[in-house]
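Worksheet: one structure, shown below.
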Amino acid sequence: MQLKKNPQLDALNKQAVSRTTMQLKTNPQLDALNKQAASSEKNLPPDKKSKSWVGILLRITFIYFPLGSIIVGAIALPSVVGCGGKAKLSEAKQYVNSMNRAQQAKYAEDGAFSNSVNALGLGIKTQTTNYNYSTISTKNAAFSYGVARSNNLTSYVGAVFLVPVSQAANKEKTTVSILCAANYAGNTQPPAPILQKGNPVCATGTESLAK
C-alpha cells in the first residue's frame with residue numbers, strides 16, 4: 001500500500017536539506033588568529049600548549065602592572081620628600097625675616113629694640129618641631145635667630161642695624177636689615193652679621209638671602 005504524498009511535508013524536507021548543505025561565510029581575521037595560535041602551539045611542549053594563553057595573560061597582569069606602580073612610586077617619592085624639607089626651611093626663613101621687620105617697627109614706635117620674641121607681637125613660638133627662635137638686642141642692633149633642632153636642617157640669623165640717614169645728618173637714624181643662612185647644616189647658632197661702612201654683611205660661614 002503506497003502512502004499518499006504530502007506536498008507541504010516534501011517542501012519542508014527540501015528546505016532542511018538545503019540549510020545543512022549551505023556553506024558558512026569565512027572571517028579572514030578569525031582565520032588569521034587561528035593560524036597564529038596553531039603555529040605558536042606547535043613550538044610548545046605538549047603539557048604547556050593548553051596553558052600558553054593563560055601564561056601570557058598572567059605575565060601581563062603580574063609583571064607590567066606592578067612594575068608601573070613601582071616606577072611611578074620611585075619618581076614621586078623624591079618629590080614628596082623634597083617638598084617636606086623645603087617647607088621646614090621656609091618656616092625658619094619666614095619667621096626670622098618677620099622678626100627683623102618687627103624689630104624695625106618696634107624701634108620706629110618705641111625708639112628701642114626688643115629682647116623678647118613674644119614682645120614683638122608676631123605670635124611666633126620660641127620652639128617649634130624643627131627650630132628654636134630667639135632675639136637679642138643692643139642700643140644699635142637687634143639679632144634674631146632660627147636655630148635648627150636637628151643636624152640635617154640649616155640655621156638662620158637676621159640682623160637690624162641702626163644707621164645714620166646720611167653722613168651729613170648723624171642725628172637722624174634709620175634701620176637696615178639683612179637675613180643670612182648658614183653654609184652648613186646643624187644645630188649650631190650661626191655667627192651674627194656685621195656692619196661695614198653703613199651696610200649689613202653676613203659673617204663668615206653664612207650667606208645673604210633675598211628678603
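Every chain in the C-alpha cells has a letter given in the order shown (A, B, ...), and although residue numbers restart at 1 in each chain, ligands are simply numbered from 1 in the order shown.
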Query - Residue neighbourhood region 162-166 of chain A, 7 Å, only C-alpha atoms, exclusion window fewer than 4 positions, as a list in words - result: Asn140, Ala141, Asn170, Lys171, Glu172, Lys173, Thr174, Thr175, Val176 and Gly198 of chain A
Generate a file of the selected residues that holds all heavy atoms, formatted as a compact mmCIF listing (two decimals), in the first residue's frame.
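File again.txt, as written:
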# COMPACT_ATOMS: atom_id res chain seq x y z
N ASN A 140 72.11 99.69 69.31
CA ASN A 140 72.21 99.98 67.88
C ASN A 140 71.91 98.80 66.96
O ASN A 140 72.03 98.94 65.74
CB ASN A 140 73.61 100.51 67.56
CG ASN A 140 73.92 101.80 68.30
OD1 ASN A 140 73.11 102.72 68.33
ND2 ASN A 140 75.10 101.86 68.92
N ALA A 141 71.53 97.66 67.53
CA ALA A 141 71.29 96.50 66.67
C ALA A 141 70.40 95.47 67.37
O ALA A 141 70.29 95.44 68.60
CB ALA A 141 72.61 95.84 66.27
N ASN A 170 73.97 113.08 61.14
CA ASN A 170 74.29 111.97 62.05
C ASN A 170 73.23 111.75 63.11
O ASN A 170 73.11 110.67 63.67
CB ASN A 170 75.64 112.23 62.72
CG ASN A 170 76.79 112.10 61.72
OD1 ASN A 170 76.70 111.32 60.78
ND2 ASN A 170 77.85 112.86 61.94
N LYS A 171 72.45 112.79 63.42
CA LYS A 171 71.45 112.65 64.47
C LYS A 171 70.22 111.90 63.99
O LYS A 171 69.53 111.28 64.80
CB LYS A 171 71.04 114.04 64.97
CG LYS A 171 72.16 114.74 65.75
CD LYS A 171 71.67 116.06 66.30
CE LYS A 171 72.77 116.75 67.10
NZ LYS A 171 72.30 118.05 67.67
N GLU A 172 69.94 111.94 62.69
CA GLU A 172 68.77 111.24 62.17
C GLU A 172 69.18 109.79 61.87
O GLU A 172 70.14 109.53 61.17
CB GLU A 172 68.27 111.92 60.89
CG GLU A 172 67.73 113.32 61.14
CD GLU A 172 67.18 113.94 59.86
OE1 GLU A 172 66.95 113.17 58.89
OE2 GLU A 172 67.00 115.16 59.83
N LYS A 173 68.39 108.85 62.43
CA LYS A 173 68.73 107.44 62.31
C LYS A 173 67.63 106.68 61.54
O LYS A 173 66.46 107.06 61.56
CB LYS A 173 68.88 106.81 63.69
CG LYS A 173 69.94 107.46 64.58
CD LYS A 173 71.34 107.12 64.11
CE LYS A 173 72.38 107.70 65.08
NZ LYS A 173 73.76 107.37 64.68
N THR A 174 68.06 105.63 60.92
CA THR A 174 67.13 104.71 60.25
C THR A 174 67.62 103.29 60.47
O THR A 174 68.71 103.08 61.03
CB THR A 174 67.02 105.00 58.74
OG1 THR A 174 65.97 104.20 58.18
CG2 THR A 174 68.32 104.69 58.01
N THR A 175 66.84 102.31 60.07
CA THR A 175 67.24 100.91 60.26
C THR A 175 67.45 100.21 58.92
O THR A 175 66.75 100.49 57.94
CB THR A 175 66.18 100.14 61.06
OG1 THR A 175 64.92 100.23 60.38
CG2 THR A 175 66.05 100.69 62.47
N VAL A 176 68.44 99.32 58.91
CA VAL A 176 68.68 98.46 57.74
C VAL A 176 68.74 97.01 58.25
O VAL A 176 69.16 96.76 59.39
CB VAL A 176 70.00 98.83 57.03
CG1 VAL A 176 69.87 100.18 56.35
CG2 VAL A 176 71.17 98.81 57.98
N GLY A 198 78.36 101.20 56.97
CA GLY A 198 76.93 101.51 56.95
C GLY A 198 76.06 100.45 56.28
O GLY A 198 74.85 100.62 56.18
Query raised in the report: For Gln196 (chain A), which residue among A:Asn100, A:Tyr107, A:Ala142, A:Phe161 is the nearest when counting only C-alpha atoms?
Result: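 Distance minimum relative to Gln196 (chain A) lands on A:Phe161.
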Query - Nearest candidate to Gln127 (chain A) (options A:Val201, A:Val147, A:Ala87, A:Ala192; using only C-alpha atoms) - result: A:Val147
Query - Spatial neighbours of Val160 (chain A), 12 Å, only C-alpha atoms, chain gap at least 6 places, as number ranges by chain - result: A: 96-107, 112-114, 135-145, 174-180, 192-195, 198-202
Query raised in the report: How many Å separate CA of Arg149 (chain A) from CA of Val117 (chain A)?
Result: 17.8 Å
